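Novice: Data file run_20.cif (mmCIF, C-alpha atoms and all ligand atoms) is appended below.
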```cif
data_data
loop_
_atom_site.label_atom_id
_atom_site.label_comp_id
_atom_site.auth_asym_id
_atom_site.auth_seq_id
_atom_site.Cartn_x
_atom_site.Cartn_y
_atom_site.Cartn_z
CA MET A 1014 8.71 -42.58 143.88
CA ASP A 1015 10.69 -44.19 141.08
CA LYS A 1016 13.34 -42.27 139.18
CA LYS A 1017 11.26 -41.73 136.08
CA MET A 1018 8.37 -40.33 138.04
CA SER A 1019 10.53 -37.94 140.03
CA GLU A 1020 12.00 -36.63 136.79
CA ALA A 1021 8.55 -35.99 135.39
CA VAL A 1022 7.50 -34.15 138.52
CA ARG A 1023 10.66 -32.07 138.46
CA THR A 1024 9.95 -31.03 134.88
CA ILE A 1025 6.48 -29.88 135.83
CA LEU A 1026 7.74 -28.05 138.91
CA GLN A 1027 10.25 -26.09 136.85
CA GLY A 1028 7.36 -23.78 136.14
CA ASP A 1029 7.00 -20.79 133.88
CA GLY A 1030 9.02 -20.75 130.69
CA ALA A 1031 11.71 -23.07 131.96
CA VAL A 1032 13.40 -25.17 129.29
CA ALA A 1033 13.01 -28.82 130.11
CA GLU A 1034 16.05 -30.74 128.87
CA GLU A 1035 15.19 -33.82 126.92
CA PRO A 1036 17.32 -36.62 128.34
CA GLY A 1037 19.43 -38.51 125.83
CA ARG A 1038 19.00 -36.03 123.01
CA GLU A 1039 22.40 -34.53 123.58
CA ALA A 1040 24.26 -37.66 122.50
CA ASP A 1041 25.46 -36.88 118.97
CA ALA A 1042 23.69 -39.10 116.48
CA GLY A 1043 25.85 -37.99 113.55
CA PHE A 1044 23.10 -36.06 111.78
CA LEU A 1045 23.62 -32.97 109.63
CA TRP A 1046 21.26 -30.21 110.76
CA ASP A 1047 20.31 -27.10 108.79
CA PHE A 1048 19.53 -28.90 105.55
CA TRP A 1049 16.36 -29.79 103.67
CA TYR A 1050 15.15 -33.38 103.96
CA PRO A 1051 12.15 -35.03 102.28
CA ALA A 1052 9.64 -35.94 104.99
CA VAL A 1053 6.74 -37.55 103.13
CA ARG A 1054 5.37 -37.84 99.61
CA SER A 1055 3.06 -34.93 98.77
CA SER A 1056 0.33 -37.36 97.80
CA VAL A 1057 -0.18 -38.65 101.36
CA ILE A 1058 -1.52 -35.29 102.54
CA ARG A 1059 -5.11 -34.95 101.37
CA GLY A 1060 -7.60 -32.34 102.53
CA ASN A 1061 -7.26 -31.50 106.20
CA LYS A 1062 -5.48 -34.70 107.07
CA LEU A 1063 -2.56 -34.48 109.49
CA VAL A 1064 0.27 -36.92 108.81
CA THR A 1065 3.27 -37.80 110.91
CA ALA A 1066 6.90 -38.33 109.99
CA MET A 1067 10.20 -38.51 111.75
CA LEU A 1068 13.36 -36.76 110.57
CA LEU A 1069 16.62 -36.79 112.50
CA GLU A 1070 14.74 -38.28 115.46
CA VAL A 1071 12.36 -35.30 115.54
CA PRO A 1072 8.69 -36.29 115.44
CA LEU A 1073 6.81 -34.10 112.98
CA VAL A 1074 3.19 -33.44 112.14
CA LEU A 1075 2.56 -32.26 108.60
CA GLY A 1076 -0.38 -30.96 106.69
CA ARG A 1077 -1.48 -28.53 103.99
CA THR A 1078 -3.55 -25.40 104.66
CA ALA A 1079 -6.73 -24.54 102.81
CA GLU A 1080 -4.59 -22.19 100.69
CA GLY A 1081 -2.35 -25.10 99.70
CA ARG A 1082 0.72 -24.34 101.84
CA ALA A 1083 2.42 -27.33 103.38
CA PHE A 1084 3.50 -26.97 106.99
CA ALA A 1085 5.59 -28.96 109.45
CA MET A 1086 5.36 -28.67 113.21
CA ARG A 1087 7.06 -30.62 115.92
CA ASP A 1088 4.54 -33.31 116.82
CA SER A 1089 4.35 -32.23 120.41
CA CYS A 1090 2.07 -29.74 122.12
CA PRO A 1091 4.10 -27.10 123.97
CA HIS A 1092 1.62 -27.39 126.86
CA ARG A 1093 2.00 -31.02 127.95
CA GLY A 1094 3.70 -32.66 125.02
CA ILE A 1095 0.88 -34.77 123.64
CA PRO A 1096 1.37 -35.27 119.90
CA LEU A 1097 -0.48 -32.54 118.01
CA SER A 1098 -1.24 -35.14 115.34
CA TYR A 1099 -4.00 -36.47 117.64
CA GLY A 1100 -5.64 -33.07 117.32
CA HIS A 1101 -7.88 -31.53 114.73
CA PHE A 1102 -6.92 -29.41 111.75
CA ASP A 1103 -9.49 -27.11 110.18
CA GLY A 1104 -7.43 -25.88 107.23
CA THR A 1105 -5.87 -22.99 109.18
CA THR A 1106 -5.23 -23.98 112.80
CA VAL A 1107 -4.27 -27.17 114.58
CA GLU A 1108 -6.24 -27.81 117.77
CA CYS A 1109 -4.63 -29.93 120.46
CA SER A 1110 -6.68 -32.93 121.55
CA TYR A 1111 -5.90 -32.45 125.26
CA HIS A 1112 -6.92 -28.91 126.30
CA GLY A 1113 -7.85 -27.48 122.95
CA TRP A 1114 -5.05 -24.97 122.53
CA ARG A 1115 -5.05 -23.86 118.93
CA PHE A 1116 -1.99 -23.07 116.80
CA ASP A 1117 -1.74 -21.32 113.47
CA ALA A 1118 -0.42 -24.08 111.19
CA CYS A 1119 2.07 -21.97 109.22
CA THR A 1120 3.62 -19.99 112.06
CA ALA A 1121 2.87 -22.45 114.90
CA ARG A 1122 1.85 -19.42 116.97
CA CYS A 1123 -0.77 -20.12 119.62
CA VAL A 1124 -4.03 -18.36 118.81
CA GLU A 1125 -6.32 -19.63 121.57
CA ILE A 1126 -6.24 -21.21 125.03
CA PRO A 1127 -9.83 -22.10 125.79
CA SER A 1128 -9.35 -22.31 129.58
CA LEU A 1129 -8.27 -18.68 129.97
CA THR A 1130 -10.64 -16.17 131.55
CA SER A 1131 -10.67 -12.40 131.25
CA GLN A 1132 -8.65 -12.31 134.52
CA ASP A 1133 -5.69 -14.12 132.96
CA LYS A 1134 -2.69 -12.13 131.80
CA LEU A 1135 -0.96 -14.92 129.86
CA LYS A 1136 0.09 -13.68 126.42
CA VAL A 1137 -1.22 -16.43 124.19
CA GLU A 1138 0.46 -15.01 121.07
CA ARG A 1139 3.88 -15.47 122.65
CA ILE A 1140 3.48 -19.22 122.81
CA PHE A 1141 4.68 -21.26 119.86
CA ALA A 1142 4.79 -24.92 119.01
CA GLY A 1143 8.04 -26.07 117.40
CA HIS A 1144 7.92 -25.57 113.65
CA TYR A 1145 10.13 -25.92 110.62
CA PRO A 1146 10.33 -24.37 107.16
CA CYS A 1147 8.41 -26.57 104.75
CA GLU A 1148 8.16 -26.67 100.93
CA GLU A 1149 6.70 -29.02 98.35
CA ARG A 1150 8.90 -29.97 95.38
CA ASP A 1151 9.04 -32.91 92.97
CA GLY A 1152 6.21 -34.66 94.79
CA TYR A 1153 7.78 -34.48 98.26
CA VAL A 1154 7.14 -32.37 101.33
CA TRP A 1155 10.59 -31.07 102.29
CA VAL A 1156 11.39 -29.89 105.78
CA TYR A 1157 14.36 -27.72 106.68
CA MET A 1158 15.70 -29.27 109.87
CA THR A 1159 17.00 -26.34 111.84
CA SER A 1160 19.38 -27.09 114.65
CA ARG A 1161 18.15 -24.03 116.54
CA ASP A 1162 14.85 -25.71 117.04
CA ARG A 1163 16.32 -28.91 118.31
CA LYS A 1164 15.49 -28.21 121.92
CA ALA A 1165 12.56 -25.92 121.22
CA VAL A 1166 10.43 -26.81 124.16
CA ASP A 1167 10.82 -23.28 125.42
CA ASN A 1168 7.22 -22.22 125.36
CA SER A 1169 7.77 -18.58 126.17
CA ALA A 1170 10.33 -17.58 123.57
CA GLY A 1171 8.68 -19.13 120.56
CA THR A 1172 10.43 -20.73 117.65
CA ARG A 1173 13.27 -18.82 116.12
CA LEU A 1174 13.96 -19.50 112.49
CA PRO A 1175 17.40 -19.29 110.91
CA GLU A 1176 17.95 -16.00 109.11
CA GLN A 1177 18.75 -17.73 105.85
CA VAL A 1178 16.95 -20.77 104.61
CA PRO A 1179 18.27 -21.86 101.19
CA ALA A 1180 15.85 -22.88 98.43
CA ALA A 1181 14.55 -26.44 98.73
CA PRO A 1182 16.19 -28.91 96.29
CA SER A 1183 14.48 -29.62 92.99
CA LEU A 1184 15.17 -32.26 90.37
CA PRO A 1185 16.68 -30.87 87.13
CA VAL A 1186 14.48 -31.55 84.08
CA PHE A 1187 15.31 -30.71 80.46
CA SER A 1188 12.08 -30.60 78.46
CA LYS A 1189 8.48 -29.51 78.98
CA LYS A 1190 7.05 -33.00 78.74
CA TYR A 1191 8.48 -35.85 80.71
CA LYS A 1192 7.62 -38.87 82.81
CA ILE A 1193 8.36 -38.88 86.51
CA THR A 1194 8.25 -41.63 89.09
CA HIS A 1195 9.08 -42.08 92.77
CA LEU A 1196 10.38 -45.05 94.72
CA GLU A 1197 11.35 -45.47 98.32
CA CYS A 1198 12.87 -47.98 100.62
CA GLU A 1199 13.79 -48.08 104.30
CA LEU A 1200 17.18 -49.28 105.47
CA PRO A 1201 17.77 -50.47 109.04
CA SER A 1202 21.01 -48.55 109.34
CA HIS A 1203 22.62 -45.27 110.20
CA VAL A 1204 22.42 -42.71 107.41
CA ASP A 1205 26.21 -42.90 106.89
CA GLN A 1206 25.99 -46.59 105.96
CA GLY A 1207 23.08 -45.83 103.64
CA ILE A 1208 25.03 -43.08 101.91
CA ILE A 1209 28.27 -44.95 101.44
CA GLY A 1210 26.24 -47.89 100.15
CA LEU A 1211 24.67 -45.56 97.60
CA MET A 1212 28.01 -44.33 96.26
CA ASP A 1213 29.82 -47.65 96.43
CA PRO A 1214 30.85 -48.75 92.93
CA ALA A 1215 32.15 -52.21 93.85
CA HIS A 1216 28.95 -53.91 95.03
CA GLY A 1217 27.15 -53.69 91.68
CA PRO A 1218 28.21 -56.99 90.12
CA PHE A 1219 27.51 -58.89 93.38
CA VAL A 1220 24.35 -57.27 94.71
CA HIS A 1221 22.72 -56.17 91.47
CA GLN A 1222 23.23 -59.25 89.33
CA SER A 1223 20.41 -59.24 86.81
CA TRP A 1224 20.10 -60.55 83.33
CA PHE A 1225 19.18 -57.10 82.08
CA TRP A 1226 22.00 -55.30 83.79
CA ARG A 1227 25.24 -57.17 84.22
CA SER A 1228 26.70 -60.26 85.78
CA LYS A 1229 29.66 -61.10 87.97
CA HIS A 1230 31.51 -62.19 84.86
CA SER A 1231 31.31 -58.78 83.29
CA ILE A 1232 33.61 -57.26 85.91
CA HIS A 1233 36.27 -55.17 84.27
CA GLU A 1234 38.65 -52.42 85.20
CA LYS A 1235 37.29 -48.91 85.15
CA GLN A 1236 38.70 -45.51 85.59
CA LYS A 1237 36.61 -42.48 86.31
CA GLN A 1238 37.53 -38.89 86.89
CA PHE A 1239 36.14 -37.04 89.89
CA GLU A 1240 36.26 -33.36 90.70
CA PRO A 1241 35.35 -31.33 93.77
CA ILE A 1242 32.12 -29.29 93.70
CA PRO A 1243 30.68 -27.20 96.55
CA TYR A 1244 29.65 -29.53 99.40
CA GLY A 1245 30.37 -32.58 97.29
CA PHE A 1246 32.07 -34.21 94.36
CA ARG A 1247 31.26 -35.02 90.75
CA MET A 1248 32.01 -37.99 88.61
CA SER A 1249 32.97 -35.97 85.55
CA PRO A 1250 30.83 -36.40 82.42
CA HIS A 1251 31.71 -39.71 80.82
CA SER A 1252 30.27 -42.40 78.57
CA PRO A 1253 28.56 -44.94 80.79
CA SER A 1254 29.51 -48.55 81.18
CA SER A 1255 29.48 -50.21 77.77
CA ASN A 1256 28.16 -53.48 79.16
CA SER A 1257 24.78 -52.12 80.30
CA ALA A 1258 21.86 -52.91 78.04
CA PRO A 1259 19.80 -49.71 78.65
CA TYR A 1260 22.68 -47.47 77.58
CA GLN A 1261 23.29 -49.56 74.46
CA LEU A 1262 19.64 -49.15 73.55
CA LEU A 1263 19.72 -45.39 74.10
CA LYS A 1264 22.76 -45.05 71.88
CA ARG A 1265 21.12 -47.06 69.15
CA ILE A 1266 17.95 -44.93 69.24
CA THR A 1267 19.51 -41.48 69.22
CA GLY A 1268 22.53 -42.44 67.17
CA GLU A 1269 24.48 -40.13 69.41
CA GLY A 1270 26.87 -40.59 72.27
CA VAL A 1271 25.63 -40.99 75.80
CA THR A 1272 27.07 -38.96 78.66
CA THR A 1273 26.46 -39.42 82.34
CA THR A 1274 27.28 -37.03 85.15
CA ILE A 1275 26.90 -38.09 88.76
CA ASP A 1276 27.11 -35.69 91.68
CA PHE A 1277 27.11 -36.32 95.36
CA VAL A 1278 26.17 -33.32 97.49
CA LEU A 1279 25.85 -33.00 101.25
CA PRO A 1280 23.93 -33.80 103.24
CA ASN A 1281 22.67 -36.90 101.43
CA MET A 1282 22.06 -36.45 97.73
CA ARG A 1283 23.11 -38.36 94.64
CA LEU A 1284 22.11 -36.72 91.37
CA GLU A 1285 22.54 -38.38 88.01
CA GLU A 1286 21.99 -36.93 84.56
CA ILE A 1287 22.15 -38.89 81.36
CA HIS A 1288 22.00 -37.13 78.01
CA SER A 1289 22.02 -38.47 74.48
CA GLY A 1290 21.00 -36.02 71.78
CA LYS A 1291 17.64 -34.63 72.87
CA MET A 1292 16.94 -37.57 75.14
CA TRP A 1293 17.58 -37.19 78.82
CA PHE A 1294 17.17 -38.98 82.10
CA SER A 1295 17.56 -37.28 85.44
CA SER A 1296 17.40 -38.88 88.87
CA ARG A 1297 17.96 -38.05 92.49
CA ALA A 1298 18.41 -40.37 95.41
CA THR A 1299 18.47 -39.01 98.93
CA VAL A 1300 19.24 -40.99 102.06
CA THR A 1301 17.39 -39.41 104.93
CA PRO A 1302 18.03 -40.11 108.60
CA VAL A 1303 14.83 -41.08 110.38
CA ARG A 1304 16.49 -42.31 113.56
CA ARG A 1305 20.10 -43.19 114.22
CA ASP A 1306 19.29 -46.81 113.35
CA LEU A 1307 16.94 -46.17 110.44
CA CYS A 1308 17.20 -44.26 107.20
CA ARG A 1309 15.15 -44.07 104.04
CA ILE A 1310 16.10 -43.84 100.39
CA ASP A 1311 13.81 -41.60 98.36
CA PHE A 1312 14.40 -42.00 94.67
CA VAL A 1313 12.82 -39.81 92.01
CA ALA A 1314 13.52 -40.09 88.31
CA ALA A 1315 12.30 -38.08 85.33
CA TRP A 1316 12.95 -38.70 81.63
CA ASN A 1317 11.74 -38.07 78.11
CA LEU A 1318 12.88 -41.39 76.66
CA PRO A 1319 9.92 -42.65 74.63
CA PHE A 1320 10.82 -46.32 75.01
CA LEU A 1321 10.82 -46.27 78.80
CA PRO A 1322 7.32 -46.51 80.30
CA ALA A 1323 7.09 -45.63 84.00
CA PHE A 1324 5.84 -49.10 84.99
CA LEU A 1325 8.84 -50.78 83.39
CA PHE A 1326 11.23 -48.39 85.05
CA ARG A 1327 9.53 -49.01 88.39
CA VAL A 1328 9.97 -52.76 88.04
CA PHE A 1329 13.70 -52.36 87.45
CA GLY A 1330 14.03 -49.64 90.07
CA GLN A 1331 12.24 -51.66 92.76
CA THR A 1332 14.42 -54.66 92.03
CA PHE A 1333 17.53 -52.53 92.48
CA LEU A 1334 16.35 -50.97 95.70
CA ARG A 1335 15.24 -54.29 97.13
CA GLN A 1336 18.64 -55.78 96.39
CA ASP A 1337 20.29 -52.92 98.28
CA GLN A 1338 17.78 -53.19 101.09
CA GLU A 1339 18.32 -56.92 101.53
CA THR A 1340 22.05 -56.38 101.64
CA MET A 1341 21.75 -53.65 104.25
CA ILE A 1342 19.43 -55.74 106.41
CA ARG A 1343 22.14 -58.38 106.44
CA GLN A 1344 24.82 -55.78 107.06
CA ALA A 1345 22.87 -54.43 110.06
CA GLU A 1346 23.01 -57.94 111.52
CA GLY A 1347 26.79 -57.72 111.46
CA LEU A 1348 27.03 -54.12 112.59
CA LYS A 1349 25.13 -54.94 115.79
CA HIS A 1350 28.34 -56.39 117.12
CA ASP A 1351 30.27 -53.19 116.49
CA PRO A 1352 32.97 -54.66 114.21
CA LYS A 1353 36.00 -52.77 112.97
CA LEU A 1354 35.47 -51.67 109.37
CA MET A 1355 37.73 -50.59 106.54
CA LEU A 1356 37.61 -48.26 103.59
CA ILE A 1357 39.99 -49.24 100.80
CA ASP A 1358 41.44 -47.31 97.88
CA ASP A 1359 40.24 -46.65 95.24
CA ALA A 1360 36.80 -48.25 95.41
CA ASP A 1361 35.95 -46.68 98.78
CA ARG A 1362 37.51 -43.31 98.07
CA PRO A 1363 34.08 -41.66 97.50
CA ALA A 1364 33.07 -42.90 100.97
CA LYS A 1365 36.22 -41.33 102.40
CA TRP A 1366 35.34 -38.04 100.67
CA TYR A 1367 31.86 -38.20 102.16
CA PHE A 1368 33.21 -38.60 105.68
CA GLY A 1369 35.76 -35.86 104.95
CA LEU A 1370 33.11 -33.46 103.68
CA LYS A 1371 30.92 -34.12 106.66
CA ALA A 1372 33.69 -33.64 109.20
CA ASN A 1373 34.95 -30.48 107.47
CA LEU A 1374 31.46 -28.99 107.31
CA LEU A 1375 30.91 -29.58 111.02
CA GLU A 1376 34.32 -28.09 111.75
CA ALA A 1377 33.57 -25.03 109.59
CA ARG A 1378 30.27 -24.52 111.37
CA ARG A 1379 31.95 -24.89 114.73
CA THR A 1380 34.76 -22.45 114.03
CA GLY A 1381 33.06 -20.09 111.60
CA VAL A 1382 35.98 -20.51 109.18
CA ALA A 1383 35.31 -21.36 105.50
CA MET A 1384 34.83 -25.07 104.85
CA GLU A 1385 37.86 -26.92 103.55
CA HIS A 1386 37.21 -29.40 100.75
CA PRO A 1387 38.74 -32.85 101.27
CA MET A 1388 39.73 -32.95 97.56
CA THR A 1389 42.34 -30.53 96.26
CA GLY A 1390 41.53 -31.04 92.59
CA PRO A 1391 40.42 -33.60 89.99
CA VAL A 1392 41.35 -37.20 90.76
CA THR A 1393 41.17 -40.34 88.65
CA LEU A 1394 40.07 -43.44 90.50
CA HIS A 1395 40.57 -47.00 89.33
CA TRP A 1396 38.58 -50.03 90.34
CA ARG A 1397 37.10 -53.21 88.94
CA SER A 1398 33.35 -53.63 88.85
S1 LIG B 1401 -1.45 -30.64 126.04
FE1 LIG B 1401 -2.01 -29.59 124.29
S2 LIG B 1401 -3.43 -28.18 125.01
FE2 LIG B 1401 -2.75 -29.12 126.80
FE FE B 1402 23.18 -50.66 95.10
#
```
Translate this file's structure into structure tokens.
Ligand code: FES
Ligand SMILES: [Fe+2]

Specialist:
Amino acid sequence: MDKKMSEAVRTILQGDGAVAEEPGREADAGFLWDFWYPAVRSSVIRGNKLVTAMLLEVPLVLGRTAEGRAFAMRDSCPHRGIPLSYGHFDGTTVECSYHGWRFDACTARCVEIPSLTSQDKLKVERIFAGHYPCEERDGYVWVYMTSRDRKAVDNSAGTRLPEQVPAAPSLPVFSKKYKITHLECELPSHVDQGIIGLMDPAHGPFVHQSWFWRSKHSIHEKQKQFEPIPYGFRMSPHSPSSNSAPYQLLKRITGEGVTTTIDFVLPNMRLEEIHSGKMWFSSRATVTPVRRDLCRIDFVAAWNLPFLPAFLFRVFGQTFLRQDQETMIRQAEGLKHDPKLMLIDDADRPAKWYFGLKANLLEARRTGVAMEHPMTGPVTLHWRS
């Protein structure tokens, strides 16, 4: 018997209610659990379709009930582990394709085991599939990735939910009518590289050279003030880069000043708000870990600027994301060989804050002591870009 086979047999022989350890899952992949992450766009779930996604290396099956509630279950039957996504969903329950066990989609509680007879004493209602809190916002299905559920293959105890699930994130908007658009792009890298790439001010003139934006020759010295905010930091409200055409246009139309505020908030979120008179633009980019070697940028933007049609914005947005993606594909080539890296002041200071925030959060969770912020107060950073 080969090693793999003997392991499989051992798992089966563990018998009633035993928790089978998943080999390899213990190695820390550097993910932040107990946060909301966007799993899929809302639009991909139609009718009783089941769709799959992966977040933080957890396979998920998602759907929407007949009443319109989105749900997310671990894509694994608690009986023998076949993906539940091969099963059938009738608008209320998910039926496994192997032995037909049925699970209530919202609670993941088992409601039927077809093979049972009246002699059997098994308490069906005490069996749960893994499941996660799930909400739809801004055109995404968000899943709250609870750490408690990480090893939830315990099929007797059911899935325990955290006592407190915070509200799912939602994009700030500032008028009744507005345009909204979504873009996405996968990056072949660890989420940390994706995030520090997102907040990196120095790559702009090299990676995002475009006639409509700026060129290498427009590099000039900048100074920006940053301040600590809960779980993150803010680039204090300022007038955006004078050499960018879109801002110039906005200023000319409203005749008023333009202010931009950019926040980064754990676990993975960059929020930007631009205001000029009654005109506004609001965007959010999240970098979501799919696996330890793959992450995805989900970008949503809303605005009431009359001169900016969604298609035009999408063209610019896609170009930007593709430039970042190409760069990160190349970077992944280099990172394969595990090189030593550096973070320099001041241009990489936001990246240092990100790593600081992440480490301090993990430490606070470990010790139960209040989280320490890596910044002690407002800081002015200087760089050329
Ligand atoms: S594996 Fe799902 S019902 Fe048996
Ligand atoms: Fe970029």

Novice: One decimal, in Å: what's the spacing between CA of Val1204 in chain A and CA of Asp1337 in chain A?

Specialist: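 For CA of Val1204 in chain A relative to CA of Asp1337 in chain A, the distance reads 13.9 Å.
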
Novice: List as CSV every residue of range 1094-1207 of chain A that is in contact with range 1355-1364 of chain A, defined as an atom at most 12 Å from one of its atoms (using all atoms listed in the file), together with the nearest atom pair and the distance in Å rounded to one decimal, sorted by chain and then rising number.

Specialist:
```
residue,atom,partner,partner_atom,distance
A:Asp1205,CA,A:Ala1364,CA,9.1
A:Gln1206,CA,A:Ala1364,CA,9.4
A:Gly1207,CA,A:Ala1364,CA,10.7
```

Novice: List all protein, DNA and RNA residues that have an atom no more than 9 Å from any atom of ligand FE 1402 (chain B), counting all atoms listed in the file, and report them as a list in words.

Specialist: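 Those within range of ligand FE 1402 (chain B) are Gly1210, Leu1211, Met1212, Asp1213, Pro1214, His1216, Gly1217, Val1220, His1221, Phe1333, Leu1334, Arg1335, Gln1336, Asp1337, Gln1338 and Thr1340 of chain A.
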
Novice: CA of Ser1289 in chain A and CA of Thr1267 in chain A, how far apart in Å?

Specialist: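 About the pair CA of Thr1267 in chain A and CA of Ser1289 in chain A: they are 6.6 Å apart.
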
Novice: Can you tell me, as a list in words, what residues are no more than 9 Å from Met1248 in chain A when counting all atoms listed in the file, ignoring any on the same chain fewer than 2 positions away?

Specialist: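 So the residues in contact are Lys1237, Gln1238, Phe1239, Glu1240, Phe1246, Pro1250, His1251, Thr1273, Thr1274, Ile1275, Asp1276 and Phe1277 of chain A.
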
Novice: Quick one: of A:Ser1223, A:Ser1128, A:Ser1398, A:Asn1317, who's nearest to ligand LIG 1401 (chain B), counting only C-alpha atoms and all ligand atoms?

Specialist: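 Closest to ligand LIG 1401 (chain B), using only C-alpha atoms and all ligand atoms: A:Ser1128.
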
Novice: Residues within 8 Å of ligand LIG 1401 (chain B) (all atoms listed in the file), as a compact mmCIF listing (two decimals) with C-alpha atoms, in the frame of the given file?

Specialist:
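Result written to out-v7.txt:
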```
# COMPACT_ATOMS: atom_id res chain seq x y z
CA SER A 1089 4.35 -32.23 120.41
CA CYS A 1090 2.07 -29.74 122.12
CA PRO A 1091 4.10 -27.10 123.97
CA HIS A 1092 1.62 -27.39 126.86
CA ARG A 1093 2.00 -31.02 127.95
CA GLY A 1094 3.70 -32.66 125.02
CA ILE A 1095 0.88 -34.77 123.64
CA PRO A 1096 1.37 -35.27 119.90
CA LEU A 1097 -0.48 -32.54 118.01
CA GLU A 1108 -6.24 -27.81 117.77
CA CYS A 1109 -4.63 -29.93 120.46
CA SER A 1110 -6.68 -32.93 121.55
CA TYR A 1111 -5.90 -32.45 125.26
CA HIS A 1112 -6.92 -28.91 126.30
CA GLY A 1113 -7.85 -27.48 122.95
CA TRP A 1114 -5.05 -24.97 122.53
CA ARG A 1115 -5.05 -23.86 118.93
CA ILE A 1126 -6.24 -21.21 125.03
```

Novice: Using only C-alpha atoms, determine which residues lie at most 12 Å from Trp1049 in chain A, disregarding the query and same-chain residues fewer than 4 positions distant; provide the list as a ChimeraX atom specification.

Specialist: /A:1045,1068-1069,1145-1150,1153-1160,1178-1183,1279-1282,1299-1302

Novice: Enter the distance from CA of Val1074 in chain A to CA of Val1124 in chain A, in Å, rounded to one decimal.

Specialist: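 Interatomic distance here is 18.0 Å.
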
Novice: Please determine, counting only C-alpha atoms, which residue among A:Arg1379, A:Lys1062, A:Lys1291, A:Lys1190 has the shortest atom-to-atom distance to Thr1272 in chain A.

Specialist: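 Distance minimum relative to Thr1272 in chain A lands on A:Lys1291.
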
Novice: Measuring between only C-alpha atoms, which one of A:Gly1369, A:Gly1076, A:Gly1390, A:Pro1185 shows the shortest distance to Arg1247 in chain A?

Specialist: A:Gly1390

Novice: With a distance cut-off of 10 Å and only C-alpha atoms, select the neighbouring residues of Phe1294 in chain A, excluding the residue or stretch itself and same-chain residues fewer than 6 positions from it, and output the selection as a list in words.

Specialist: Pro1185, Val1186, Phe1187, Tyr1191, Lys1192, Ile1193, Thr1273, Glu1285, Glu1286, Ile1287, His1288, Ala1314, Ala1315, Trp1316, Asn1317 and Leu1318 of chain A

Novice: Skip Met1341 in chain A itself and residues of its chain fewer than 5 positions away, then list as a tab-separated table (two decimals) with C-alpha atoms, in the frame of the given file all residues within 8 Å of it, counting all atoms listed in the file.

Specialist:
```tsv
chain	number	residue	atom	x	y	z
A	1200	LEU	CA	17.18	-49.28	105.47
A	1201	PRO	CA	17.77	-50.47	109.04
A	1202	SER	CA	21.01	-48.55	109.34
A	1207	GLY	CA	23.08	-45.83	103.64
```

Novice: Ranking A:Gly1100, A:Pro1322, A:Gly1347, A:Gly1060 by minimum distance to Asp1088 in chain A and counting only C-alpha atoms, which one comes first?

Specialist: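 Distance minimum relative to Asp1088 in chain A lands on A:Gly1100.
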
Novice: Edge lengths and centre in Å to one decimal, as lines of an AutoDock Vina configuration file, is what I'm after for the box along x, y and z that holds all listed atoms of range 1092-1106 of chain A once 6 Å is added on each side.

Specialist:
```
center_x = -2.9
center_y = -29.7
center_z = 117.6
size_x = 25.2
size_y = 25.5
size_z = 32.7
```

Novice: Using all atoms listed in the file, which residue out of A:Leu1135, A:Val1053, A:Ala1085, A:Val1303 lies closest to Asp1117 in chain A?

Specialist: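 Closest to Asp1117 in chain A, using all atoms listed in the file: A:Ala1085.
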